[in-house]
>>> print(open('start16.cif').read())   # mmCIF, C-alpha atoms
data_query
#
loop_
_atom_site.label_atom_id
_atom_site.label_comp_id
_atom_site.auth_asym_id
_atom_site.auth_seq_id
_atom_site.Cartn_x
_atom_site.Cartn_y
_atom_site.Cartn_z
CA MET N 85 177.95 131.91 157.21
CA THR N 86 177.02 129.96 154.11
CA ARG N 87 179.14 130.42 151.00
CA THR N 88 179.19 129.01 147.51
CA ILE N 89 182.48 128.25 145.78
CA GLU N 90 182.46 129.05 142.11
CA VAL N 91 183.00 125.94 140.04
CA ASP N 92 185.62 127.68 137.91
CA ALA N 93 187.73 128.14 141.05
CA LEU N 94 187.88 124.41 141.76
CA PRO N 95 190.75 122.20 140.63
CA ALA N 96 190.00 121.04 137.11
CA ALA N 97 187.57 118.14 137.09
CA VAL N 98 187.81 115.35 134.55
CA ASP N 99 185.76 115.83 131.41
CA SER N 100 182.42 114.09 131.98
CA GLY N 101 181.34 114.04 128.34
CA ALA N 102 180.38 110.87 126.47
CA ASP N 103 183.37 108.54 126.07
CA ALA N 104 183.47 104.97 124.82
CA ARG N 105 186.78 104.20 126.55
CA VAL N 106 186.91 102.06 129.69
CA ASN N 107 186.58 104.23 132.78
CA LEU N 108 189.20 102.88 135.17
CA LEU N 109 187.39 104.36 138.17
CA GLY N 110 184.80 101.62 137.73
CA LEU N 111 187.08 98.57 137.72
CA THR N 112 187.77 96.59 140.89
CA PRO N 113 191.33 95.34 141.40
CA GLN N 114 190.35 91.90 140.11
CA GLN N 115 188.63 93.37 137.07
CA LEU N 116 191.58 95.65 136.35
CA ARG N 117 194.04 92.74 136.52
CA ALA N 118 191.87 90.76 134.12
CA TRP N 119 191.66 93.75 131.77
CA PHE N 120 195.45 94.17 131.68
CA THR N 121 195.85 90.45 131.05
CA GLU N 122 193.49 90.74 128.04
CA LEU N 123 195.72 93.54 126.75
CA GLY N 124 198.73 91.21 126.95
CA GLU N 125 200.19 93.12 129.89
CA LYS N 126 201.51 91.77 133.18
CA PRO N 127 198.89 91.76 135.98
CA PHE N 128 201.16 93.82 138.26
CA ARG N 129 200.50 96.78 135.97
CA ALA N 130 197.01 96.86 137.48
CA THR N 131 198.48 97.55 140.92
CA GLN N 132 200.60 100.37 139.54
CA VAL N 133 197.61 101.97 137.85
CA LEU N 134 195.38 101.50 140.91
CA LYS N 135 197.85 103.50 142.99
CA TRP N 136 198.17 106.23 140.39
CA VAL N 137 194.44 106.62 139.96
CA HIS N 138 193.10 106.19 143.50
CA GLN N 139 195.97 107.07 145.81
CA ARG N 140 197.54 109.87 143.78
CA ARG N 141 194.31 110.83 142.01
CA VAL N 142 196.02 111.13 138.63
CA SER N 143 193.86 111.14 135.51
CA ASP N 144 196.56 111.88 132.90
CA PHE N 145 198.32 108.71 131.79
CA ASP N 146 201.40 110.71 130.78
CA GLU N 147 201.97 111.41 134.47
CA MET N 148 202.15 107.70 135.30
CA THR N 149 205.90 107.71 134.90
CA ASP N 150 206.65 104.13 135.98
CA LEU N 151 204.66 102.82 133.02
CA ALA N 152 206.35 102.32 129.65
CA LYS N 153 205.49 105.02 127.12
CA SER N 154 204.01 102.38 124.81
CA LEU N 155 201.62 101.31 127.58
CA ARG N 156 200.70 104.90 128.40
CA ASP N 157 199.87 105.49 124.74
CA LYS N 158 197.78 102.32 124.68
CA LEU N 159 195.91 103.42 127.79
CA LYS N 160 195.12 106.81 126.27
CA ASP N 161 193.42 105.05 123.37
CA LEU N 162 191.51 102.47 125.40
CA ALA N 163 190.87 103.94 128.85
CA CYS N 164 190.14 107.10 130.79
CA VAL N 165 189.74 108.31 134.35
CA ARG N 166 186.45 110.20 134.27
CA ALA N 167 184.66 111.42 137.40
CA PRO N 168 181.37 113.33 137.62
CA GLY N 169 181.63 117.05 136.97
CA VAL N 170 181.14 119.55 139.79
CA ARG N 171 178.26 121.96 139.14
CA LEU N 172 178.03 123.50 142.60
CA ASP N 173 180.09 123.49 145.80
CA GLN N 174 178.42 125.02 148.86
CA VAL N 175 179.99 125.41 152.30
CA SER N 176 177.78 125.53 155.40
CA SER N 177 178.39 127.69 158.43
CA ASP N 178 179.43 124.53 160.31
CA GLY N 179 182.00 123.50 157.69
CA THR N 180 179.80 120.93 155.94
CA ARG N 181 180.19 121.01 152.15
CA LYS N 182 177.58 119.93 149.64
CA PHE N 183 178.54 119.15 146.07
CA LEU N 184 176.09 118.97 143.18
CA LEU N 185 177.59 116.57 140.66
CA GLU N 186 176.73 116.29 136.99
CA LEU N 187 176.63 112.81 135.49
CA ASP N 188 177.18 111.46 132.00
CA GLY N 189 174.01 111.59 129.94
CA GLY N 190 172.38 114.21 132.14
CA GLY N 191 171.03 114.11 135.65
CA SER N 192 172.82 115.00 138.86
CA VAL N 193 173.34 113.79 142.41
CA GLU N 194 174.63 115.32 145.60
CA MET N 195 177.40 114.30 147.97
CA VAL N 196 178.16 115.82 151.36
CA TYR N 197 181.46 116.25 153.22
CA ILE N 198 181.10 116.38 157.02
CA PRO N 199 184.24 117.37 158.97
CA GLU N 200 184.55 116.57 162.66
CA ASP N 201 187.38 116.73 165.19
CA ASP N 202 188.41 113.10 164.82
CA ARG N 203 187.11 112.16 161.39
CA ALA N 204 186.02 113.41 158.00
CA THR N 205 182.96 111.68 156.59
CA LEU N 206 181.81 111.65 152.98
CA CYS N 207 178.12 110.91 152.40
CA ILE N 208 177.77 109.55 148.87
CA SER N 209 174.87 108.73 146.56
CA SER N 210 174.19 105.40 144.88
CA GLN N 211 171.17 106.27 142.70
CA VAL N 212 169.78 109.26 140.87
CA GLY N 213 166.75 109.80 143.08
CA CYS N 214 165.07 107.03 145.04
CA SER N 215 162.08 104.77 144.44
CA LEU N 216 161.22 103.90 148.04
CA ALA N 217 159.02 106.92 148.79
CA CYS N 218 159.81 107.34 152.49
CA THR N 219 157.39 110.08 153.45
CA PHE N 220 159.81 112.19 155.53
CA CYS N 221 162.61 112.22 152.91
CA SER N 222 162.94 114.95 150.31
CA THR N 223 164.91 112.68 147.98
CA GLY N 224 162.14 110.07 148.08
CA ARG N 225 159.60 112.68 147.06
CA GLN N 226 161.48 113.32 143.82
CA GLY N 227 161.09 109.88 142.28
CA PHE N 228 163.73 107.71 140.63
CA ASN N 229 165.83 107.99 137.48
CA ARG N 230 168.54 105.32 137.44
CA ASN N 231 171.30 103.52 139.28
CA LEU N 232 174.78 105.01 139.39
CA THR N 233 177.64 103.07 137.84
CA THR N 234 180.57 101.90 139.92
CA ALA N 235 182.67 104.65 138.35
CA GLU N 236 180.11 107.29 139.30
CA ILE N 237 180.05 106.06 142.90
CA VAL N 238 183.82 105.79 143.28
CA GLY N 239 184.18 109.04 141.36
CA GLN N 240 182.56 110.87 144.27
CA LEU N 241 185.32 109.77 146.65
CA TRP N 242 187.97 110.42 144.00
CA LEU N 243 186.70 113.97 143.56
CA ALA N 244 186.47 114.60 147.30
CA GLU N 245 190.05 113.48 147.77
CA ARG N 246 191.07 115.97 145.10
CA LEU N 247 189.01 118.91 146.29
CA ILE N 248 189.24 118.75 150.08
CA ASP N 249 192.23 119.65 152.23
CA ARG N 250 194.05 116.55 153.43
CA SER N 251 194.29 117.28 157.13
CA VAL N 252 192.42 114.46 158.88
CA ASN N 253 193.49 110.93 159.78
CA HIS N 254 197.11 110.66 158.67
CA ASN N 255 196.93 113.09 155.78
CA ARG N 256 193.72 111.54 154.43
CA ALA N 257 190.99 113.86 153.21
CA ILE N 258 188.24 111.31 153.87
CA SER N 259 188.38 108.88 156.80
CA ASN N 260 184.82 107.50 156.65
CA ILE N 261 182.36 106.72 153.85
CA VAL N 262 178.62 106.44 154.38
CA PHE N 263 176.27 105.30 151.62
CA MET N 264 173.55 107.57 152.97
CA GLY N 265 173.15 110.01 150.11
CA MET N 266 170.57 109.78 147.37
CA GLY N 267 169.11 106.36 146.67
CA GLU N 268 168.78 102.92 148.27
CA PRO N 269 172.25 101.34 148.02
CA LEU N 270 171.06 97.74 148.20
CA LEU N 271 168.86 98.24 145.12
CA ASN N 272 172.07 98.99 143.22
CA PHE N 273 173.82 96.03 144.74
CA GLU N 274 176.61 95.06 142.34
CA ALA N 275 177.78 98.62 141.66
CA VAL N 276 177.80 99.39 145.39
CA ILE N 277 179.69 96.19 146.20
CA ASN N 278 182.28 96.95 143.52
CA ALA N 279 182.67 100.52 144.75
CA ALA N 280 183.08 99.41 148.36
CA THR N 281 185.63 96.81 147.26
CA LEU N 282 187.76 99.59 145.79
CA MET N 283 187.36 101.70 148.91
CA LEU N 284 188.71 98.84 151.04
CA ASP N 285 191.61 97.83 148.80
CA ASP N 286 195.03 98.72 150.17
CA ASN N 287 196.23 99.76 146.73
CA ALA N 288 193.28 102.12 146.31
CA TYR N 289 191.78 103.92 149.34
CA GLY N 290 192.66 101.45 152.09
CA LEU N 291 189.65 102.08 154.33
CA SER N 292 188.75 99.51 156.97
CA ARG N 293 185.40 97.70 156.87
CA ARG N 294 184.21 99.56 159.93
CA ARG N 295 184.80 102.90 158.19
CA VAL N 296 182.56 102.09 155.22
CA THR N 297 178.87 102.09 156.13
CA ILE N 298 176.06 101.00 153.84
CA SER N 299 172.61 102.22 154.83
CA THR N 300 169.42 100.47 153.82
CA SER N 301 165.70 100.94 154.36
CA GLY N 302 165.42 97.20 154.80
CA ILE N 303 165.93 95.16 151.61
CA VAL N 304 166.14 91.86 153.47
CA PRO N 305 167.51 89.53 150.74
CA ALA N 306 170.21 92.07 149.89
CA ILE N 307 171.24 92.36 153.56
CA ASP N 308 171.93 88.62 153.51
CA ARG N 309 173.84 88.94 150.24
CA LEU N 310 175.91 91.78 151.70
CA ARG N 311 176.71 89.61 154.71
CA GLU N 312 178.10 86.94 152.40
CA ARG N 313 179.87 89.19 149.89
CA LEU N 314 181.31 92.15 151.76
CA PRO N 315 180.29 92.63 155.41
CA VAL N 316 181.01 96.29 156.00
CA SER N 317 179.28 98.42 158.63
CA LEU N 318 175.49 98.38 158.29
CA ALA N 319 172.97 101.08 159.10
CA ILE N 320 169.22 100.42 159.10
CA SER N 321 166.79 103.25 158.38
CA LEU N 322 164.30 102.10 161.01
CA HIS N 323 162.38 105.26 162.02
CA ALA N 324 159.47 103.40 163.63
CA PRO N 325 159.26 100.67 166.28
CA ASP N 326 156.31 98.72 164.85
CA ASP N 327 154.83 97.69 161.52
CA PRO N 328 151.71 99.92 161.39
CA LEU N 329 153.77 103.12 161.71
CA ARG N 330 156.71 101.93 159.66
CA ASP N 331 154.37 100.85 156.85
CA VAL N 332 153.59 104.56 156.43
CA LEU N 333 156.98 106.15 157.10
CA VAL N 334 159.07 103.54 155.24
CA PRO N 335 156.74 101.83 152.73
CA ILE N 336 159.21 99.05 151.85
CA ASN N 337 158.24 97.70 155.28
CA GLN N 338 155.05 96.36 153.70
CA LYS N 339 157.21 93.96 151.69
CA TYR N 340 159.83 93.27 154.38
CA PRO N 341 158.17 93.81 157.80
CA ILE N 342 160.10 94.44 160.98
CA ALA N 343 160.26 90.80 162.10
CA GLU N 344 161.95 89.78 158.83
CA LEU N 345 164.21 92.82 158.93
CA MET N 346 165.36 92.14 162.49
CA ALA N 347 166.04 88.49 161.71
CA ALA N 348 168.30 89.61 158.84
CA CYS N 349 169.99 92.10 161.17
CA ASP N 350 170.62 89.36 163.74
CA ARG N 351 172.32 87.31 161.04
CA TYR N 352 174.37 90.31 159.97
CA ALA N 353 175.37 91.12 163.57
CA GLU N 354 177.40 87.90 163.57
CA VAL N 355 179.86 89.45 161.09
CA VAL N 356 179.49 93.23 161.52
CA PRO N 357 182.99 94.79 161.79
CA HIS N 358 182.60 96.66 165.07
CA GLY N 359 180.04 94.45 166.75
CA ALA N 360 177.01 96.73 166.41
CA ILE N 361 174.43 97.58 163.77
CA ILE N 362 173.39 101.22 163.55
CA TYR N 363 169.66 101.95 163.66
CA GLU N 364 168.70 105.36 162.27
CA TYR N 365 165.59 106.92 163.80
CA VAL N 366 164.41 110.30 162.48
CA MET N 367 162.55 112.22 165.18
CA LEU N 368 159.11 113.41 164.05
CA GLU N 369 157.09 115.42 166.52
CA GLY N 370 153.96 113.60 167.69
CA VAL N 371 154.51 110.82 165.15
CA ASN N 372 157.21 108.51 166.50
CA ASP N 373 158.70 110.36 169.49
CA GLU N 374 156.26 109.60 172.31
CA PRO N 375 157.24 107.53 175.39
CA GLU N 376 155.12 104.63 174.14
CA HIS N 377 157.17 104.60 170.93
CA ALA N 378 160.35 104.46 172.99
CA GLN N 379 158.99 101.56 175.04
CA THR N 380 158.04 99.64 171.89
CA LEU N 381 161.51 100.28 170.49
CA ILE N 382 163.05 99.02 173.74
CA ARG N 383 161.08 95.79 173.44
CA LEU N 384 162.34 95.45 169.86
CA LEU N 385 166.01 96.25 170.42
CA GLY N 386 166.48 95.37 174.09
CA PRO N 387 167.09 91.63 173.54
CA ARG N 388 169.89 92.47 171.08
CA LYS N 389 171.21 95.60 172.82
CA ASN N 390 174.84 94.41 172.80
CA ALA N 391 174.82 94.65 169.00
CA VAL N 392 172.89 97.91 168.66
CA LYS N 393 173.61 101.60 168.30
CA VAL N 394 170.65 103.96 167.84
CA ASN N 395 171.14 107.32 166.14
CA LEU N 396 168.34 109.78 166.89
CA ILE N 397 168.19 112.17 163.95
CA PRO N 398 166.38 115.51 164.15
CA PHE N 399 163.98 115.76 161.22
CA ASN N 400 165.21 118.16 158.57
CA PRO N 401 162.23 120.08 157.16
CA PHE N 402 161.49 120.56 153.49
CA PRO N 403 158.47 122.19 151.79
CA ASP N 404 155.11 120.41 152.18
CA SER N 405 156.59 117.53 154.17
CA GLY N 406 153.69 117.49 156.64
CA TYR N 407 156.08 116.76 159.52
CA ARG N 408 157.74 118.79 162.26
CA ARG N 409 161.07 118.27 163.97
CA SER N 410 160.89 116.93 167.52
CA SER N 411 161.98 119.41 170.17
CA ARG N 412 165.23 118.94 172.06
CA ASN N 413 163.23 118.02 175.16
CA ARG N 414 161.35 115.30 173.30
CA ILE N 415 164.56 113.92 171.80
CA GLU N 416 166.27 113.93 175.20
CA ARG N 417 163.28 112.23 176.82
CA PHE N 418 163.34 109.54 174.13
CA ARG N 419 167.11 109.09 174.49
CA ALA N 420 166.91 108.83 178.26
CA LEU N 421 164.33 106.04 178.06
CA LEU N 422 166.47 104.02 175.63
CA LYS N 423 169.64 104.66 177.57
CA GLY N 424 167.91 103.63 180.79
CA ALA N 425 167.17 100.28 179.13
CA GLY N 426 170.86 99.82 178.34
CA ILE N 427 170.59 100.66 174.63
CA ASN N 428 173.49 102.69 173.22
CA THR N 429 171.75 105.83 171.94
CA VAL N 430 173.28 108.96 170.41
CA PRO N 431 171.38 112.12 169.44
CA ARG N 432 172.88 113.09 166.09
CA LYS N 433 173.76 116.68 165.36
CA THR N 434 172.09 118.39 162.45
CA ARG N 435 174.80 119.32 159.98
CA GLY N 436 174.56 121.46 156.86
CA ASP N 437 170.84 122.20 157.05
CA ASP N 438 171.46 125.82 156.00
CA ILE N 439 172.55 124.48 152.58
CA ASP N 440 169.99 121.63 152.47
CA ALA N 441 172.77 119.10 153.05
CA ALA N 442 171.29 117.44 156.13
CA CYS N 443 169.87 113.92 156.32
CA GLY N 444 166.80 113.57 154.09
CA GLN N 445 167.34 116.85 152.26
CA LEU N 446 169.43 115.77 149.27
CA VAL N 447 167.75 116.47 145.96
CA GLY N 448 169.54 116.31 142.62
CA GLU N 449 168.13 117.68 139.40
CA PHE N 450 166.63 114.99 137.21
CA GLU N 451 163.56 113.78 135.44
CA ASP N 452 161.68 110.90 137.06
CA LYS N 453 162.08 108.69 133.99
CA ALA N 454 161.23 105.43 135.74
CA ARG N 455 158.23 106.89 137.60
CA ARG N 456 158.04 106.07 141.29
CA PRO N 457 154.64 104.32 141.11
CA GLN N 458 156.02 101.94 138.49
CA LYS N 459 159.05 101.13 140.63
CA LEU N 460 156.83 100.50 143.65
CA ALA N 461 154.64 98.24 141.53
CA GLN N 462 157.70 96.22 140.50
CA MET N 463 158.43 95.67 144.19
CA GLY N 464 154.89 94.53 144.84
CA LEU N 465 154.04 97.78 146.63
CA ALA N 466 151.69 99.38 144.13
CA LYS N 467 148.88 99.92 146.65
CA ILE N 468 150.99 101.78 149.20
CA LYS N 469 149.60 105.09 150.38
CA VAL N 470 152.34 107.50 151.38
CA THR N 471 150.36 110.55 152.38
CA THR N 472 151.00 111.99 155.82
CA GLU N 473 147.25 111.83 156.48
CA ASP N 474 147.77 108.17 157.38
CA ARG N 475 149.74 109.12 160.45
#
>>> encode(input="start16.cif", output="structure tokens")
Amino acid sequence: MTRTIEVDALPAAVDSGADARVNLLGLTPQQLRAWFTELGEKPFRATQVLKWVHQRRVSDFDEMTDLAKSLRDKLKDLACVRAPGVRLDQVSSDGTRKFLLELDGGGSVEMVYIPEDDRATLCISSQVGCSLACTFCSTGRQGFNRNLTTAEIVGQLWLAERLIDRSVNHNRAISNIVFMGMGEPLLNFEAVINAATLMLDDNAYGLSRRRVTISTSGIVPAIDRLRERLPVSLAISLHAPDDPLRDVLVPINQKYPIAELMAACDRYAEVVPHGAIIYEYVMLEGVNDEPEHAQTLIRLLGPRKNAVKVNLIPFNPFPDSGYRRSSRNRIERFRALLKGAGINTVPRKTRGDDIDAACGQLVGEFEDKARRPQKLAQMGLAKIKVTTEDR
């Protein structure tokens, strides 16, 4: 049974109105130490504040009792802890929760909490909308507004830790983070890197690198930069085994074709935390789920099968998509072929589709200020056709 929690019933969220003060949710440990040094304070104060803000989720400086009153007063004048506001909180029949979050200056994004027996995953957004125009993705159909700030990204985890019962993984509300919500994370590189840095820091959220997963549609130069800067778990939105089909389903493939993408993945596999890169493959009936598609995918991934995990994702319908979800029999046939070739393959469960919280269904409320065609043109993809007629 689906239910909606009234926003007024939630624990009080931080005021998301315009504020010129420094939002401490957006500062990495290094940046926070530098900021305290500029204030004439000892750098260890940064560690104290990090723990108050991220581990105890405190936004009121008066509650930070191991800080001198003079410092607390100074912080109230110069800084704040301001997360996005919660406009809607929906709970699916399977326990999945979708939050619609309101951002400073208008616009909204969605985040999704997915509880399981051994973990609790938070799917977070990195952009308001998305410019990549993947034809099977509802978010991509909406266009693009802007990148999220580091504070807006970290603020999603901060809110979830406040709002969700802490019953999983040693009294932790969230055990896993996936950057698989709205947007292409690697097109908001610095903010995503800074946010992930906070998520990994022992004085903040203390997650391991294997429990933070960044998903990308295939921005090859940024994959290499991620490898050098912060090699967390990596998921590739593959969805097709060859260039002609992927050019249609995932148009960024026209700029970074599969051969270039796989070469970048091979480089990344040398440092990936758990030894395997995740390849996401949405199952579209009659489009990419035939035995010949499986055989082509085996030829692509077989040589690197020791560093591969394939997630087969049932397509989650949305109005006028032009696609249909593959049947269970088709998905199982596809899985069996990959598994028979020694490729680790997992059919993913559909979670939260009764509240439009499933993969590819996230849609915030915003105006497409940047215009998707313009963004595609900036990437050198202005001539891409993304109609399903090209299938």
>>> closest_atom_pairs(input="start16.cif", of="region 262-329 of chain N", to="region 139-152 of chain N", cutoff="12 Å", atoms="only C-alpha atoms", output="CSV")
residue,atom,partner,partner_atom,distance
N:Leu282,CA,N:Gln139,CA,11.1
N:Met283,CA,N:Gln139,CA,10.6
N:Asp285,CA,N:Gln139,CA,10.6
N:Asp286,CA,N:Gln139,CA,9.5
N:Asn287,CA,N:Gln139,CA,7.4
N:Ala288,CA,N:Gln139,CA,5.7
N:Tyr289,CA,N:Gln139,CA,6.3
N:Gly290,CA,N:Gln139,CA,9.1
N:Leu291,CA,N:Gln139,CA,11.7
>>> residues_around(input="start16.cif", residues="region 419-427 of chain N", least_positions_apart="2", cutoff="9 Å", atoms="all atoms listed in the file", output="list in words")
Pro375, Ala378, Gln379, Leu381, Ile382, Leu385, Gly386, Arg388, Lys389, Asn390, Val392, Lys393, Val394, Leu396, Arg414, Ile415, Glu416, Arg417, Thr429, Val430 and Pro431 of chain N
>>> write_last_selection(input="start16.cif", atoms="C-alpha atoms", output="short mmCIF file (atom, residue, chain, number, x, y, z; two decimals), keeping the file's coordinate frame")
data_model
loop_
_atom_site.label_atom_id
_atom_site.label_comp_id
_atom_site.auth_asym_id
_atom_site.auth_seq_id
_atom_site.Cartn_x
_atom_site.Cartn_y
_atom_site.Cartn_z
CA PRO N 375 157.24 107.53 175.39
CA ALA N 378 160.35 104.46 172.99
CA GLN N 379 158.99 101.56 175.04
CA LEU N 381 161.51 100.28 170.49
CA ILE N 382 163.05 99.02 173.74
CA LEU N 385 166.01 96.25 170.42
CA GLY N 386 166.48 95.37 174.09
CA ARG N 388 169.89 92.47 171.08
CA LYS N 389 171.21 95.60 172.82
CA ASN N 390 174.84 94.41 172.80
CA VAL N 392 172.89 97.91 168.66
CA LYS N 393 173.61 101.60 168.30
CA VAL N 394 170.65 103.96 167.84
CA LEU N 396 168.34 109.78 166.89
CA ARG N 414 161.35 115.30 173.30
CA ILE N 415 164.56 113.92 171.80
CA GLU N 416 166.27 113.93 175.20
CA ARG N 417 163.28 112.23 176.82
CA THR N 429 171.75 105.83 171.94
CA VAL N 430 173.28 108.96 170.41
CA PRO N 431 171.38 112.12 169.44
#
>>> closest_residue(input="start16.cif", among="N:Ala360, N:Ile303, N:Leu314, N:Val175", to="Leu345 (chain N)", atoms="all atoms listed in the file")
N:Ile303
>>> resolve_selection(input="start16.cif", expression="the PyMOL selection byres ((chain N and resi 403-412) around 7)", output="list in words")
Phe220, Met367, Leu368, Glu369, Pro398, Phe399, Asn400, Pro401, Phe402, Asn413, Arg414, Ile415, Glu416 and Thr472 of chain N
>>> residues_near_point(input="start16.cif", point="(154.5, 94.9, 164.8)", cutoff="10 Å", atoms="all atoms listed in the file", output="MDAnalysis selection string")
chainID N and resid 324:331 341:343 380 384
>>> atom_distance(input="start16.cif", atom1="CA of Lys135 (chain N)", atom2="CA of Ser317 (chain N)")
24.8 Å
>>> closest_atom_pairs(input="start16.cif", of="region 250-313 of chain N", to="region 201-205 of chain N", cutoff="6 Å", atoms="all atoms listed in the file", output="JSON lines")
{"residue": "N:Ile258", "atom": "CA", "partner": "N:Ala204", "partner_atom": "CA", "distance": 5.1}
{"residue": "N:Ser259", "atom": "CA", "partner": "N:Ala204", "partner_atom": "CA", "distance": 5.2}
{"residue": "N:Asn260", "atom": "CA", "partner": "N:Thr205", "partner_atom": "CA", "distance": 4.6}
{"residue": "N:Ile261", "atom": "CA", "partner": "N:Thr205", "partner_atom": "CA", "distance": 5.7}
>>> residues_around(input="start16.cif", residues="region 163-170 of chain N", least_positions_apart="2", cutoff="6 Å", atoms="only C-alpha atoms", output="VMD selection string")
chain N and resid 98 100 105 to 109 143 159 to 160 172 185 to 187 239
>>> decode(input="start16.cif", residues="region 388-394 of chain N", atoms="all heavy atoms", output="tab-separated table (two decimals), in the first residue's frame")
chain	number	residue	atom	x	y	z
N	388	ARG	N	36.90	-9.42	-20.11
N	388	ARG	CA	37.16	-8.72	-18.86
N	388	ARG	C	36.20	-9.20	-17.76
N	388	ARG	O	35.91	-8.46	-16.82
N	388	ARG	CB	37.04	-7.21	-19.08
N	388	ARG	CG	35.83	-6.82	-19.91
N	388	ARG	CD	35.75	-5.31	-20.16
N	388	ARG	NE	36.79	-4.74	-20.95
N	388	ARG	CZ	36.80	-4.67	-22.29
N	388	ARG	NH1	35.79	-5.19	-22.98
N	388	ARG	NH2	37.79	-4.11	-22.94
N	389	LYS	N	35.71	-10.44	-17.88
N	389	LYS	CA	34.63	-10.90	-17.01
N	389	LYS	C	35.01	-10.96	-15.54
N	389	LYS	O	34.12	-10.93	-14.68
N	389	LYS	CB	34.14	-12.27	-17.47
N	389	LYS	CG	35.18	-13.38	-17.42
N	389	LYS	CD	34.60	-14.66	-18.01
N	389	LYS	CE	35.64	-15.78	-18.02
N	389	LYS	NZ	35.09	-16.99	-18.68
N	390	ASN	N	36.29	-11.03	-15.22
N	390	ASN	CA	36.69	-11.05	-13.81
N	390	ASN	C	36.54	-9.70	-13.14
N	390	ASN	O	36.67	-9.60	-11.91
N	390	ASN	CB	38.14	-11.54	-13.68
N	390	ASN	CG	38.29	-13.00	-14.08
N	390	ASN	OD1	37.36	-13.79	-13.91
N	390	ASN	ND2	39.45	-13.36	-14.60
N	391	ALA	N	36.31	-8.66	-13.91
N	391	ALA	CA	36.13	-7.32	-13.35
N	391	ALA	C	34.78	-6.73	-13.75
N	391	ALA	O	34.65	-5.53	-13.94
N	391	ALA	CB	37.26	-6.40	-13.82
N	392	VAL	N	33.78	-7.59	-13.85
N	392	VAL	CA	32.47	-7.17	-14.38
N	392	VAL	C	31.35	-7.71	-13.51
N	392	VAL	O	31.37	-8.86	-13.07
N	392	VAL	CB	32.29	-7.69	-15.83
N	392	VAL	CG1	30.84	-7.62	-16.26
N	392	VAL	CG2	33.17	-6.91	-16.78
N	393	LYS	N	30.36	-6.85	-13.27
N	393	LYS	CA	29.07	-7.29	-12.75
N	393	LYS	C	28.00	-6.61	-13.60
N	393	LYS	O	28.03	-5.39	-13.77
N	393	LYS	CB	28.89	-6.90	-11.29
N	393	LYS	CG	27.51	-7.25	-10.73
N	393	LYS	CD	27.33	-6.74	-9.31
N	393	LYS	CE	25.93	-7.00	-8.81
N	393	LYS	NZ	25.70	-6.47	-7.44
N	394	VAL	N	27.07	-7.39	-14.14
N	394	VAL	CA	26.01	-6.84	-14.98
N	394	VAL	C	24.71	-6.86	-14.20
N	394	VAL	O	24.29	-7.89	-13.68
N	394	VAL	CB	25.85	-7.67	-16.28
N	394	VAL	CG1	24.67	-7.12	-17.10
N	394	VAL	CG2	27.13	-7.63	-17.09
